[in-house]
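Novice: Enclosed is the structure file query_26.cif (mmCIF, C-alpha atoms).
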```
data_input
#
loop_
_atom_site.label_atom_id
_atom_site.label_comp_id
_atom_site.auth_asym_id
_atom_site.auth_seq_id
_atom_site.Cartn_x
_atom_site.Cartn_y
_atom_site.Cartn_z
CA MET A 1 100.49 101.61 116.36
CA ASP A 2 103.62 100.13 117.83
CA LEU A 3 105.78 98.63 115.08
CA HIS A 4 107.56 96.01 117.15
CA THR A 5 104.37 94.70 118.72
CA LEU A 6 102.68 94.54 115.33
CA LEU A 7 105.58 92.66 113.76
CA SER A 8 105.82 90.27 116.70
CA ASP A 9 102.10 89.57 116.52
CA THR A 10 102.28 89.05 112.75
CA LEU A 11 105.09 86.52 113.10
CA ALA A 12 102.96 84.76 115.70
CA GLY A 13 100.05 84.41 113.29
CA HIS A 14 98.16 87.72 113.35
CA ARG A 15 96.66 88.60 109.98
CA LEU A 16 97.41 92.20 109.07
CA THR A 17 94.53 94.56 108.39
CA PRO A 18 94.57 97.16 105.60
CA ASP A 19 95.04 99.91 108.21
CA GLU A 20 98.06 98.08 109.59
CA ALA A 21 99.46 97.57 106.10
CA ALA A 22 99.13 101.30 105.39
CA PHE A 23 101.00 101.98 108.63
CA LEU A 24 103.80 99.59 107.69
CA LEU A 25 104.12 101.15 104.23
CA SER A 26 104.96 104.45 105.95
CA VAL A 27 107.75 103.06 108.14
CA SER A 28 111.05 104.92 107.76
CA GLY A 29 114.37 105.41 109.52
CA GLN A 30 116.12 102.55 111.30
CA GLU A 31 112.80 100.78 111.84
CA VAL A 32 112.79 99.67 108.20
CA PHE A 33 115.36 97.03 109.15
CA ASP A 34 112.97 95.53 111.70
CA LEU A 35 110.34 95.37 108.96
CA PHE A 36 112.78 93.69 106.57
CA ARG A 37 113.83 91.13 109.17
CA ALA A 38 110.22 90.17 109.83
CA ALA A 39 109.47 89.82 106.12
CA ASP A 40 112.61 87.77 105.59
CA GLU A 41 111.57 85.47 108.44
CA VAL A 42 108.18 84.85 106.84
CA CYS A 43 109.86 84.25 103.48
CA ARG A 44 112.24 81.69 105.01
CA ARG A 45 109.37 79.88 106.69
CA LYS A 46 107.67 79.49 103.32
CA ASN A 47 110.64 78.95 101.02
CA GLY A 48 113.65 78.17 103.14
CA ASN A 49 116.88 79.51 101.67
CA ARG A 50 115.75 79.10 98.07
CA VAL A 51 115.44 81.80 95.41
CA THR A 52 113.83 80.82 92.12
CA PHE A 53 113.80 81.98 88.50
CA VAL A 54 112.20 80.89 85.24
CA ARG A 55 113.99 80.72 81.89
CA ASN A 56 111.67 83.03 79.98
CA GLN A 57 111.56 85.44 77.07
CA ASN A 58 109.31 88.37 76.23
CA ILE A 59 107.80 88.94 72.81
CA HIS A 60 106.75 92.53 72.22
CA ILE A 61 104.19 92.07 69.46
CA THR A 62 103.23 95.74 69.18
CA ASN A 63 103.64 99.06 70.93
CA ILE A 64 100.33 100.32 69.47
CA CYS A 65 97.84 100.48 72.30
CA LYS A 66 94.27 101.56 72.95
CA ASN A 67 95.04 102.46 76.56
CA LEU A 68 97.97 104.95 76.48
CA CYS A 69 98.20 104.93 80.27
CA GLY A 70 99.69 107.86 82.14
CA PHE A 71 102.38 105.70 83.76
CA CYS A 72 103.53 104.12 80.48
CA GLY A 73 106.12 105.39 78.02
CA PHE A 74 105.79 102.36 75.72
CA GLY A 75 102.38 102.75 74.08
CA ARG A 76 101.85 104.51 70.75
CA THR A 77 98.96 105.36 68.46
CA LYS A 78 98.84 103.79 65.01
CA LYS A 79 100.27 106.92 63.40
CA SER A 80 102.95 107.66 66.00
CA PRO A 81 106.60 107.66 64.94
CA GLY A 82 108.15 104.36 65.91
CA ALA A 83 104.85 102.47 66.06
CA TYR A 84 105.20 98.83 65.04
CA LEU A 85 103.22 95.61 64.76
CA PHE A 86 104.91 92.23 64.34
CA GLY A 87 103.51 89.70 61.91
CA GLU A 88 103.94 85.94 61.59
CA ASP A 89 107.60 86.04 60.49
CA GLU A 90 108.72 88.23 63.38
CA VAL A 91 106.79 86.28 66.01
CA LYS A 92 108.10 82.96 64.74
CA GLU A 93 111.64 84.32 64.64
CA GLN A 94 111.38 85.29 68.32
CA ALA A 95 109.95 81.84 69.10
CA ARG A 96 112.97 80.25 67.36
CA TYR A 97 115.32 82.29 69.54
CA ALA A 98 113.39 81.12 72.60
CA LYS A 99 113.68 77.47 71.58
CA GLU A 100 117.43 77.81 70.93
CA ARG A 101 117.84 79.35 74.40
CA ASN A 102 115.94 76.49 76.09
CA VAL A 103 113.30 78.96 77.23
CA THR A 104 110.41 77.30 79.07
CA GLU A 105 108.08 80.34 79.19
CA ILE A 106 107.19 82.94 76.59
CA CYS A 107 105.43 86.12 77.70
CA PHE A 108 103.49 88.32 75.31
CA LEU A 109 104.36 91.78 76.56
CA SER A 110 102.43 93.94 74.18
CA GLY A 111 100.25 96.95 73.69
CA VAL A 112 96.53 96.30 73.32
CA HIS A 113 96.20 97.10 69.63
CA PRO A 114 92.72 98.49 68.87
CA ASP A 115 92.35 96.03 65.97
CA PHE A 116 93.15 92.90 67.98
CA THR A 117 90.45 90.26 68.33
CA LEU A 118 90.13 86.87 69.98
CA GLU A 119 91.19 85.30 66.69
CA THR A 120 94.32 87.49 66.69
CA TYR A 121 95.36 86.18 70.10
CA LEU A 122 94.70 82.59 69.09
CA GLN A 123 96.83 83.12 65.99
CA PHE A 124 99.75 84.50 68.00
CA MET A 125 99.77 81.42 70.22
CA LYS A 126 99.49 79.11 67.20
CA TRP A 127 102.54 80.74 65.59
CA VAL A 128 104.58 80.30 68.77
CA HIS A 129 103.58 76.69 69.32
CA GLU A 130 104.30 75.79 65.69
CA ILE A 131 107.95 76.66 66.42
CA HIS A 132 108.20 75.76 70.12
CA PRO A 133 105.40 73.28 70.87
CA THR A 134 106.24 72.67 74.53
CA VAL A 135 106.79 76.25 75.68
CA HIS A 136 104.43 77.64 78.32
CA ILE A 137 102.62 80.77 77.10
CA HIS A 138 102.02 83.38 79.80
CA ALA A 139 99.92 86.09 78.20
CA PHE A 140 96.98 88.48 78.14
CA SER A 141 95.56 90.49 81.02
CA PRO A 142 91.99 90.82 82.32
CA ASP A 143 91.84 94.08 80.36
CA GLU A 144 92.65 92.23 77.14
CA ILE A 145 90.16 89.47 77.94
CA ASP A 146 87.43 92.06 78.42
CA PHE A 147 88.42 93.93 75.25
CA VAL A 148 88.27 90.96 72.87
CA ALA A 149 85.19 89.52 74.59
CA ARG A 150 83.24 92.70 73.94
CA LYS A 151 84.42 92.71 70.33
CA ALA A 152 83.30 89.10 69.85
CA ASN A 153 80.09 89.62 71.81
CA LEU A 154 81.03 86.65 73.98
CA PRO A 155 80.97 86.23 77.76
CA THR A 156 84.45 86.48 79.24
CA PRO A 157 84.46 82.88 80.56
CA GLU A 158 83.95 81.64 77.01
CA VAL A 159 86.88 83.75 75.80
CA ILE A 160 89.05 82.30 78.56
CA ARG A 161 88.01 78.77 77.60
CA GLN A 162 88.90 79.37 73.95
CA LEU A 163 92.29 80.85 74.86
CA MET A 164 93.04 77.88 77.11
CA ALA A 165 92.08 75.50 74.31
CA GLY A 166 94.33 77.53 71.99
CA GLY A 167 97.41 77.08 74.15
CA LEU A 168 97.30 79.67 76.93
CA GLY A 169 99.14 78.32 79.98
CA THR A 170 98.66 81.11 82.52
CA LEU A 171 97.03 84.53 82.54
CA GLN A 172 99.01 87.68 83.19
CA GLY A 173 97.88 89.59 86.25
CA THR A 174 98.81 92.87 84.62
CA ALA A 175 96.46 95.82 84.05
CA ALA A 176 95.87 95.72 87.82
CA GLU A 177 98.24 98.62 88.60
CA ILE A 178 96.35 99.84 91.71
CA LEU A 179 92.90 98.32 92.11
CA VAL A 180 91.27 101.51 93.35
CA ASP A 181 89.08 103.25 90.80
CA GLU A 182 89.91 106.78 91.93
CA VAL A 183 93.57 106.07 91.24
CA ARG A 184 92.79 104.32 87.96
CA LYS A 185 90.93 107.42 86.71
CA THR A 186 94.28 109.23 86.79
CA ILE A 187 96.82 106.61 85.79
CA CYS A 188 94.93 104.23 83.45
CA PRO A 189 91.43 105.56 82.65
CA ALA A 190 91.02 103.43 79.50
CA LYS A 191 91.57 100.14 81.31
CA VAL A 192 88.89 98.02 82.95
CA LYS A 193 87.54 99.12 86.30
CA THR A 194 88.56 97.35 89.47
CA GLU A 195 85.46 95.14 89.71
CA VAL A 196 85.88 93.91 86.13
CA TRP A 197 89.55 93.05 86.70
CA GLU A 198 88.59 91.08 89.81
CA ARG A 199 85.69 89.30 88.12
CA ILE A 200 87.84 88.11 85.21
CA ALA A 201 90.65 86.97 87.51
CA ARG A 202 88.13 84.95 89.51
CA GLU A 203 86.62 83.50 86.33
CA ALA A 204 90.02 82.40 85.11
CA HIS A 205 90.85 80.75 88.41
CA SER A 206 87.49 78.98 88.50
CA LEU A 207 88.21 77.51 85.06
CA GLY A 208 91.57 76.18 86.21
CA LEU A 209 93.66 78.95 84.62
CA ARG A 210 96.13 80.32 87.13
CA SER A 211 97.52 83.85 86.99
CA THR A 212 100.00 86.18 88.53
CA ALA A 213 98.98 89.10 90.72
CA THR A 214 100.69 92.45 90.29
CA ILE A 215 101.00 95.83 91.93
CA MET A 216 102.36 98.87 90.06
CA TYR A 217 103.26 101.26 92.86
CA GLY A 218 104.77 104.69 93.28
CA SER A 219 102.75 106.93 90.96
CA THR A 220 99.82 108.86 92.43
CA GLU A 221 98.44 106.37 94.95
CA THR A 222 98.60 106.68 98.74
CA PRO A 223 99.74 104.00 101.21
CA ARG A 224 96.07 103.39 101.95
CA ASP A 225 95.39 102.79 98.24
CA ARG A 226 98.17 100.22 98.13
CA ALA A 227 96.76 98.53 101.22
CA GLU A 228 93.30 98.36 99.63
CA HIS A 229 94.84 96.84 96.51
CA LEU A 230 96.63 94.17 98.55
CA ASP A 231 93.49 93.45 100.55
CA ARG A 232 91.50 92.83 97.36
CA ILE A 233 94.20 90.54 96.00
CA ARG A 234 94.35 88.62 99.27
CA ARG A 235 90.55 88.14 99.32
CA ILE A 236 90.61 86.75 95.78
CA GLN A 237 93.38 84.36 96.78
CA ASP A 238 91.46 83.29 99.87
CA ASP A 239 88.55 82.29 97.65
CA THR A 240 90.33 80.83 94.60
CA GLY A 241 93.96 80.03 95.39
CA GLY A 242 94.63 80.83 91.75
CA PHE A 243 97.48 83.34 91.98
CA THR A 244 100.97 81.90 91.51
CA GLU A 245 102.87 84.87 92.92
CA MET A 246 102.75 88.59 93.62
CA VAL A 247 104.83 90.58 91.14
CA LEU A 248 106.04 93.98 92.31
CA LEU A 249 106.39 96.60 89.57
CA THR A 250 107.99 99.86 90.64
CA TYR A 251 106.83 102.91 88.65
CA ILE A 252 109.55 104.12 86.26
CA HIS A 253 108.68 107.77 85.83
CA GLN A 254 111.19 109.58 83.62
CA LYS A 255 109.52 109.30 80.20
CA THR A 256 105.86 108.88 81.13
CA PRO A 257 102.89 111.22 80.62
CA LEU A 258 102.26 111.49 84.38
CA TYR A 259 105.74 112.90 84.86
CA GLU A 260 105.69 115.07 81.75
CA LYS A 261 102.37 116.63 82.85
CA GLY A 262 103.71 117.37 86.33
CA LEU A 263 101.33 114.95 88.08
CA VAL A 264 104.28 113.19 89.70
CA ARG A 265 107.76 114.50 90.51
CA TYR A 266 109.57 111.25 91.14
CA GLY A 267 109.07 107.51 91.20
CA PRO A 268 109.53 105.38 94.32
CA THR A 269 112.68 105.65 96.42
CA GLY A 270 114.83 102.68 97.36
CA ARG A 271 113.25 102.68 100.81
CA ASP A 272 109.81 102.55 99.24
CA ASP A 273 110.78 99.66 96.95
CA LEU A 274 112.05 97.54 99.82
CA VAL A 275 109.32 98.50 102.28
CA THR A 276 106.62 97.67 99.72
CA THR A 277 108.31 94.31 99.09
CA ALA A 278 108.32 93.58 102.82
CA VAL A 279 104.70 94.62 103.33
CA CYS A 280 103.57 92.43 100.42
CA ARG A 281 105.34 89.48 102.03
CA LEU A 282 103.81 90.11 105.45
CA PHE A 283 100.30 90.98 104.25
CA LEU A 284 99.87 88.28 101.61
CA ASP A 285 99.96 85.35 103.98
CA ASN A 286 98.16 83.15 101.46
CA PHE A 287 100.90 83.60 98.81
CA ASP A 288 104.01 81.47 98.72
CA HIS A 289 106.01 83.68 96.38
CA ILE A 290 106.91 87.37 96.07
CA GLN A 291 108.64 88.29 92.81
CA VAL A 292 111.05 91.18 92.39
CA SER A 293 111.50 92.79 88.97
CA TRP A 294 115.22 93.11 88.33
CA PRO A 295 114.79 95.10 85.07
CA LYS A 296 113.07 97.83 87.06
CA LEU A 297 115.18 97.81 90.24
CA GLY A 298 118.57 96.83 88.89
CA THR A 299 120.51 93.88 90.25
CA LYS A 300 121.86 95.62 93.38
CA MET A 301 118.45 96.71 94.67
CA THR A 302 117.05 93.37 93.55
CA GLN A 303 119.58 91.63 95.76
CA MET A 304 118.48 93.73 98.74
CA ALA A 305 114.84 92.86 98.03
CA LEU A 306 115.82 89.21 98.57
CA LEU A 307 116.53 90.22 102.17
CA ALA A 308 113.19 92.03 102.49
CA GLY A 309 110.76 89.23 101.72
CA ALA A 310 111.18 88.45 98.01
CA ASP A 311 112.07 84.91 96.92
CA ASP A 312 111.73 84.97 93.12
CA LEU A 313 113.90 86.71 90.52
CA ALA A 314 111.32 86.52 87.71
CA GLY A 315 113.18 85.36 84.63
CA THR A 316 116.00 85.68 82.17
CA MET A 317 113.66 88.01 80.22
CA TYR A 318 115.86 88.73 77.16
CA LEU A 319 113.81 91.84 76.35
CA ASP A 320 111.92 94.48 78.31
CA ASP A 321 111.07 97.43 76.08
CA VAL A 322 108.27 98.53 78.42
CA THR A 323 110.75 99.42 81.18
CA GLY A 324 113.24 100.91 78.74
CA GLU A 325 110.70 103.16 77.04
CA ALA A 326 109.63 104.53 80.42
CA GLY A 327 113.20 105.55 81.21
CA GLY A 328 114.63 102.47 82.91
CA SER A 329 118.31 101.88 82.28
CA THR A 330 118.86 98.25 83.32
CA GLY A 331 119.80 95.47 80.95
CA GLU A 332 117.46 93.27 78.97
CA TYR A 333 118.89 89.90 80.01
CA LEU A 334 119.99 88.49 83.34
CA ASP A 335 122.21 85.45 83.06
CA PRO A 336 121.50 82.67 85.57
CA ASP A 337 125.21 82.78 86.46
CA GLU A 338 124.76 86.35 87.67
CA MET A 339 121.61 85.34 89.53
CA GLU A 340 123.66 82.63 91.24
CA TYR A 341 126.31 85.19 92.14
CA ILE A 342 123.93 87.61 93.86
CA CYS A 343 122.12 84.78 95.65
CA SER A 344 125.26 83.04 96.93
CA ASP A 345 126.51 86.41 98.18
CA LEU A 346 123.47 86.39 100.49
CA GLY A 347 123.86 82.77 101.49
CA LYS A 348 120.85 81.77 99.41
CA VAL A 349 120.47 78.95 96.88
CA LEU A 350 119.23 79.58 93.34
CA ALA A 351 116.87 77.11 91.66
CA GLU A 352 115.31 77.11 88.20
CA ARG A 353 111.54 76.63 88.13
CA THR A 354 108.66 76.28 85.72
CA THR A 355 105.97 78.95 85.44
CA LEU A 356 103.93 77.02 88.03
CA TYR A 357 106.87 76.74 90.43
CA LYS A 358 107.90 73.17 89.83
CA ILE A 359 111.63 73.01 90.50
CA ILE A 360 113.71 71.89 87.48
CA GLN A 361 116.55 69.64 88.61
#
```
Starting from the coordinates I provided, produce the structure as C-alpha cells.

Specialist:
Amino acid sequence: MDLHTLLSDTLAGHRLTPDEAAFLLSVSGQEVFDLFRAADEVCRRKNGNRVTFVRNQNIHITNICKNLCGFCGFGRTKKSPGAYLFGEDEVKEQARYAKERNVTEICFLSGVHPDFTLETYLQFMKWVHEIHPTVHIHAFSPDEIDFVARKANLPTPEVIRQLMAGGLGTLQGTAAEILVDEVRKTICPAKVKTEVWERIAREAHSLGLRSTATIMYGSTETPRDRAEHLDRIRRIQDDTGGFTEMVLLTYIHQKTPLYEKGLVRYGPTGRDDLVTTAVCRLFLDNFDHIQVSWPKLGTKMTQMALLAGADDLAGTMYLDDVTGEAGGSTGEYLDPDEMEYICSDLGKVLAERTTLYKIIQ
C-alpha cells in the first residue's frame, strides 16, 4: 500500500478497511508525521480547535477480583495481602469528596468481587446518590453485567433495565481489551468472550444506555488483532450509535503477570501510542471523540496525542490505582489549569463537558 495515497483517499471520504488499518498501525519513521497530520485534520473537521474534559472522580470499591487478568497488577484474591473491600462509610466518604469538588461524574473503577450481585451494584449507586444526588454514575462493564445476570438467573437486558432504574447513567466500555478471542485466552481468559461483550453493548444501546468503547493495546496482540477490534467497534456504532467516545488504554506492563511470566518484554512505545491514536481517529469515522488517558501516558505524551487525532482529556480523575498498581508513575489528579496550559500551548481551546459531551459554559 502507498501511505500517502491511502491518507489522501481517507481524507476525501474513503472508509478504511481492517487490512488498511493494520498497515497504518505499522507505519514508522518520518511517515508517522503524515499519519498524525491526517488524523489531526479529521479531528479538526469534527471538533474544531476544542479539547474537552469532564470533572470526574474514581471510586475504587475493591481490588478483589474474579478475573485476575494477565495485563492487570491491581486485582487480588480475597486472601491476598492488601486486599480490600469498601463498605457504606467509605463509599459515602468518597461521594462527599466528589460533591465538594463539584464533580459531575463518578466512575466505579473496581475489581469484580466474586461475591458481588445485582443488589450489590444497586446498593453502591444508592449510597452515592444519597450523598450526591445529581452526579452522573459511569459504571460496570459488559463483563460485570454478564456476571451478575448469571448469578440472578436474569436475562442481561433485564439487569441493564434495573441498573438504569437504580441510577446508572452510562455503561463502561471496559473489559473489551482486544475483542479477539485468541488474544483474550492469553490476557483475560476469565472475562466474557467477544460475542458476549458485543451482545451486551448492543443491548445497552438499544435500551437507551450509552457507553464508552475502549481498546487496551500493546500486550500480546498483533496490528491485525487491533484492526479487527476496531472494525467490530465500528460495526456496532454503525448499527446503534450508542458509543460516546473511544478510550485508548495503553498497556502498563511493569508489574503485571504477563510481564512477570515473560509473555511480554515491554509495553507500547511512544510511537505506538501516537500511531494507535491516529489510526483510531481515521478508522472510527462514526465516532466524534477520541479520548487519551493522561494517567497512562503522562501529560507530555498526552499533549502530543492531541496533535495525533485525540480531542478529549478524559477527566480530573483524582484516583487511578489500576494504573499505579500496574507500574504507572503518573499523578492521580490533573488540574484543569494544567489541562488549559497544555492545550493553549498547542493553540487549542479547553472546554469542560458532561459525560454525554454537553459543553458546560

Novice: Looking at A:Ile359, A:Lys185, A:Thr117, A:Phe71, which one is nearest to Thr250 of chain A, with distances taken over only C-alpha atoms?

Specialist: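 With only C-alpha atoms as the atom set, the closest residue is A:Phe71.
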
Novice: Pick out the closest residue to Tyr333 of chain A from this set: A:Val264, A:Tyr357, A:His4, A:Arg55. Count all atoms listed in the file.

Specialist: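 Smallest distance to Tyr333 of chain A is found for A:Arg55.
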
Novice: Which residue, A:Thr52, A:Gln30, A:Thr186, A:Thr10, has the smallest gap to Val279 of chain A when you use only C-alpha atoms?

Specialist: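 For Val279 of chain A, the nearest of the given residues is A:Thr10.
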
Novice: Starting from the shown file, work through the PyMOL selection byres ((chain A and resi 40) around 8) and note down what comes out as a PyMOL selection string.

Specialist: chain A and resi 36-39+41-44+278+306-310

Novice: Would you mind exporting C-alpha atoms of the selected residues as a JSON list (two decimals), keeping the file's coordinate frame?

Specialist:
```json
[["chain", "number", "residue", "atom", "x", "y", "z"],
["A", 36, "PHE", "CA", 112.78, 93.69, 106.57],
["A", 37, "ARG", "CA", 113.83, 91.13, 109.17],
["A", 38, "ALA", "CA", 110.22, 90.17, 109.83],
["A", 39, "ALA", "CA", 109.47, 89.82, 106.12],
["A", 41, "GLU", "CA", 111.57, 85.47, 108.44],
["A", 42, "VAL", "CA", 108.18, 84.85, 106.84],
["A", 43, "CYS", "CA", 109.86, 84.25, 103.48],
["A", 44, "ARG", "CA", 112.24, 81.69, 105.01],
["A", 278, "ALA", "CA", 108.32, 93.58, 102.82],
["A", 306, "LEU", "CA", 115.82, 89.21, 98.57],
["A", 307, "LEU", "CA", 116.53, 90.22, 102.17],
["A", 308, "ALA", "CA", 113.19, 92.03, 102.49],
["A", 309, "GLY", "CA", 110.76, 89.23, 101.72],
["A", 310, "ALA", "CA", 111.18, 88.45, 98.01]]
```

Novice: Taking 2 positions as the minimum chain separation for residues in the same chain, which residues sit within 10 Å of segment 151-156 of chain A when counting only C-alpha atoms? Answer as a list in words.

Specialist: Asp115, Phe116, Thr117, Leu118, Glu119, Pro142, Ile145, Asp146, Phe147, Val148, Ala149, Glu158, Val159, Ile160, Arg161, Gln162, Arg199, Ile200, Glu203 and Ala204 of chain A

Novice: Would you output that residue set with C-alpha atoms, as a PDB file, keeping the file's coordinate frame?

Specialist:
```
ATOM      1  CA  ASP A 115      92.350  96.030  65.970  1.00  0.00           C
ATOM      2  CA  PHE A 116      93.150  92.900  67.980  1.00  0.00           C
ATOM      3  CA  THR A 117      90.450  90.260  68.330  1.00  0.00           C
ATOM      4  CA  LEU A 118      90.130  86.870  69.980  1.00  0.00           C
ATOM      5  CA  GLU A 119      91.190  85.300  66.690  1.00  0.00           C
ATOM      6  CA  PRO A 142      91.990  90.820  82.320  1.00  0.00           C
ATOM      7  CA  ILE A 145      90.160  89.470  77.940  1.00  0.00           C
ATOM      8  CA  ASP A 146      87.430  92.060  78.420  1.00  0.00           C
ATOM      9  CA  PHE A 147      88.420  93.930  75.250  1.00  0.00           C
ATOM     10  CA  VAL A 148      88.270  90.960  72.870  1.00  0.00           C
ATOM     11  CA  ALA A 149      85.190  89.520  74.590  1.00  0.00           C
ATOM     12  CA  GLU A 158      83.950  81.640  77.010  1.00  0.00           C
ATOM     13  CA  VAL A 159      86.880  83.750  75.800  1.00  0.00           C
ATOM     14  CA  ILE A 160      89.050  82.300  78.560  1.00  0.00           C
ATOM     15  CA  ARG A 161      88.010  78.770  77.600  1.00  0.00           C
ATOM     16  CA  GLN A 162      88.900  79.370  73.950  1.00  0.00           C
ATOM     17  CA  ARG A 199      85.690  89.300  88.120  1.00  0.00           C
ATOM     18  CA  ILE A 200      87.840  88.110  85.210  1.00  0.00           C
ATOM     19  CA  GLU A 203      86.620  83.500  86.330  1.00  0.00           C
ATOM     20  CA  ALA A 204      90.020  82.400  85.110  1.00  0.00           C
TER      21      ALA A 204
END
```

Novice: Compare A:Thr222, A:Gln254, A:Asn286, A:Ser211 by their minimum atom-to-atom distance to Asp239 of chain A, counting all atoms listed in the file, and give me the closest one.

Specialist: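 Result for the nearest residue to Asp239 of chain A: A:Asn286.
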
Novice: May I have the residues within 12 Å of Lys358 of chain A as a ChimeraX atom specification, using all atoms listed in the file and disregarding those fewer than 3 positions away in the same chain?

Specialist: /A:52-54,104,244,351-355,361

Novice: Print the selection's residues with C-alpha atoms to a file, as a tab-separated table (two decimals), in the coordinates of the input.

Specialist:
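What ended up in part.tsv:
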```tsv
chain	number	residue	atom	x	y	z
A	52	THR	CA	113.83	80.82	92.12
A	53	PHE	CA	113.80	81.98	88.50
A	54	VAL	CA	112.20	80.89	85.24
A	104	THR	CA	110.41	77.30	79.07
A	244	THR	CA	100.97	81.90	91.51
A	351	ALA	CA	116.87	77.11	91.66
A	352	GLU	CA	115.31	77.11	88.20
A	353	ARG	CA	111.54	76.63	88.13
A	354	THR	CA	108.66	76.28	85.72
A	355	THR	CA	105.97	78.95	85.44
A	361	GLN	CA	116.55	69.64	88.61
```

Novice: So the first atom is atom CA of Glu88 of chain A and the second is atom CA of Glu130 of chain A; what is the distance between them in Å, to one decimal place?

Specialist: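 The value is 11.0 Å.
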
Novice: Enter the distance from atom CA of Val128 of chain A to atom CA of Ala95 of chain A, in Å, rounded to one decimal.

Specialist: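 It comes out at 5.6 Å.
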
Novice: Got a sec to resolve the PyMOL selection byres ((chain A and resi 65) around 12) on this structure and send the residues as number ranges by chain?

Specialist: A: 60-64, 66-69, 72-80, 83-85, 109-116, 143-144, 147, 190-191

Novice: Written as a short mmCIF file (atom, residue, chain, number, x, y, z; two decimals) with C-alpha atoms, keeping the file's coordinate frame, what is the full residue list that the PyMOL selection byres ((chain A and resi 175) around 7) yields on the file shown?

Specialist:
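Result file result-v1.cif:
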```cif
data_model
loop_
_atom_site.label_atom_id
_atom_site.label_comp_id
_atom_site.auth_asym_id
_atom_site.auth_seq_id
_atom_site.Cartn_x
_atom_site.Cartn_y
_atom_site.Cartn_z
CA SER A 141 95.56 90.49 81.02
CA PRO A 142 91.99 90.82 82.32
CA ASP A 143 91.84 94.08 80.36
CA GLY A 173 97.88 89.59 86.25
CA THR A 174 98.81 92.87 84.62
CA ALA A 176 95.87 95.72 87.82
CA GLU A 177 98.24 98.62 88.60
#
```

Novice: To box segment 280-295 of chain A, take all atoms listed in the file, fit an axis-aligned box, add 3 Å on each side, and give centre and edge lengths in Å to one decimal, as JSON.

Specialist:
```
{"center_x": 106.7, "center_y": 88.3, "center_z": 95.3, "size_x": 23.1, "size_y": 19.6, "size_z": 26.4}
```

Novice: Excluding same-chain residues fewer than 6 positions from Met164 of chain A, what lies within 12 Å of it counting all atoms listed in the file, as number ranges by chain?

Specialist: A: 118, 121-122, 125-126, 136-140, 145, 157-158, 170-171, 204-205, 207-210

Novice: To one decimal place, how far is atom CA of Leu230 of chain A from atom CA of Glu260 of chain A in Å?

Specialist: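 Atom CA of Glu260 of chain A lies 28.3 Å from atom CA of Leu230 of chain A.
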
Novice: At a cut-off of 12 Å around the point (109.0, 96.0, 88.7) (file coordinates), what residues fall inside when counting all atoms listed in the file? I'd like the answer as number ranges by chain.

Specialist: A: 174, 177, 214-218, 246-252, 267-268, 273-274, 276-277, 290-299, 301-302, 305, 313-314, 320, 322-324, 326, 328, 330

Novice: Restricting the output to C-alpha atoms, write the selected residues as an mmCIF file, keeping the file's coordinate frame.

Specialist:
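To be explicit, this is the file written out as result.cif:
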```
data_model
loop_
_atom_site.group_PDB
_atom_site.id
_atom_site.type_symbol
_atom_site.label_atom_id
_atom_site.label_comp_id
_atom_site.auth_asym_id
_atom_site.auth_seq_id
_atom_site.Cartn_x
_atom_site.Cartn_y
_atom_site.Cartn_z
ATOM 1 C CA THR A 174 98.810 92.870 84.620
ATOM 2 C CA GLU A 177 98.240 98.620 88.600
ATOM 3 C CA THR A 214 100.690 92.450 90.290
ATOM 4 C CA ILE A 215 101.000 95.830 91.930
ATOM 5 C CA MET A 216 102.360 98.870 90.060
ATOM 6 C CA TYR A 217 103.260 101.260 92.860
ATOM 7 C CA GLY A 218 104.770 104.690 93.280
ATOM 8 C CA MET A 246 102.750 88.590 93.620
ATOM 9 C CA VAL A 247 104.830 90.580 91.140
ATOM 10 C CA LEU A 248 106.040 93.980 92.310
ATOM 11 C CA LEU A 249 106.390 96.600 89.570
ATOM 12 C CA THR A 250 107.990 99.860 90.640
ATOM 13 C CA TYR A 251 106.830 102.910 88.650
ATOM 14 C CA ILE A 252 109.550 104.120 86.260
ATOM 15 C CA GLY A 267 109.070 107.510 91.200
ATOM 16 C CA PRO A 268 109.530 105.380 94.320
ATOM 17 C CA ASP A 273 110.780 99.660 96.950
ATOM 18 C CA LEU A 274 112.050 97.540 99.820
ATOM 19 C CA THR A 276 106.620 97.670 99.720
ATOM 20 C CA THR A 277 108.310 94.310 99.090
ATOM 21 C CA ILE A 290 106.910 87.370 96.070
ATOM 22 C CA GLN A 291 108.640 88.290 92.810
ATOM 23 C CA VAL A 292 111.050 91.180 92.390
ATOM 24 C CA SER A 293 111.500 92.790 88.970
ATOM 25 C CA TRP A 294 115.220 93.110 88.330
ATOM 26 C CA PRO A 295 114.790 95.100 85.070
ATOM 27 C CA LYS A 296 113.070 97.830 87.060
ATOM 28 C CA LEU A 297 115.180 97.810 90.240
ATOM 29 C CA GLY A 298 118.570 96.830 88.890
ATOM 30 C CA THR A 299 120.510 93.880 90.250
ATOM 31 C CA MET A 301 118.450 96.710 94.670
ATOM 32 C CA THR A 302 117.050 93.370 93.550
ATOM 33 C CA ALA A 305 114.840 92.860 98.030
ATOM 34 C CA LEU A 313 113.900 86.710 90.520
ATOM 35 C CA ALA A 314 111.320 86.520 87.710
ATOM 36 C CA ASP A 320 111.920 94.480 78.310
ATOM 37 C CA VAL A 322 108.270 98.530 78.420
ATOM 38 C CA THR A 323 110.750 99.420 81.180
ATOM 39 C CA GLY A 324 113.240 100.910 78.740
ATOM 40 C CA ALA A 326 109.630 104.530 80.420
ATOM 41 C CA GLY A 328 114.630 102.470 82.910
ATOM 42 C CA THR A 330 118.860 98.250 83.320
#
```

Novice: Go through A:Glu228, A:His132, A:Trp127, A:Asp345 and flag the residue nearest Ala98 of chain A, using all atoms listed in the file for the distances.

Specialist: A:His132

Novice: Between A:Gly242, A:Pro18, A:Gly29, A:Gly13, which one has atoms that come closest to Arg271 of chain A, using all atoms listed in the file?

Specialist: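 Of the candidates, the smallest distance to Arg271 of chain A is held by A:Gly29.
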
Novice: Can we get segment 24-33 of chain A of that structure written down with C-alpha atoms, as a short mmCIF file (atom, residue, chain, number, x, y, z; two decimals), in the first residue's frame?

Specialist:
```cif
data_model
loop_
_atom_site.label_atom_id
_atom_site.label_comp_id
_atom_site.auth_asym_id
_atom_site.auth_seq_id
_atom_site.Cartn_x
_atom_site.Cartn_y
_atom_site.Cartn_z
CA LEU A 24 -1.30 2.10 9.18
CA LEU A 25 -0.61 0.67 12.64
CA SER A 26 2.78 -0.49 11.34
CA VAL A 27 3.86 2.89 9.96
CA SER A 28 7.22 4.08 11.31
CA GLY A 29 9.98 6.56 10.55
CA GLN A 30 9.21 10.04 9.23
CA GLU A 31 5.95 8.81 7.73
CA VAL A 32 4.34 8.82 11.18
CA PHE A 33 4.08 12.60 10.89
#
```
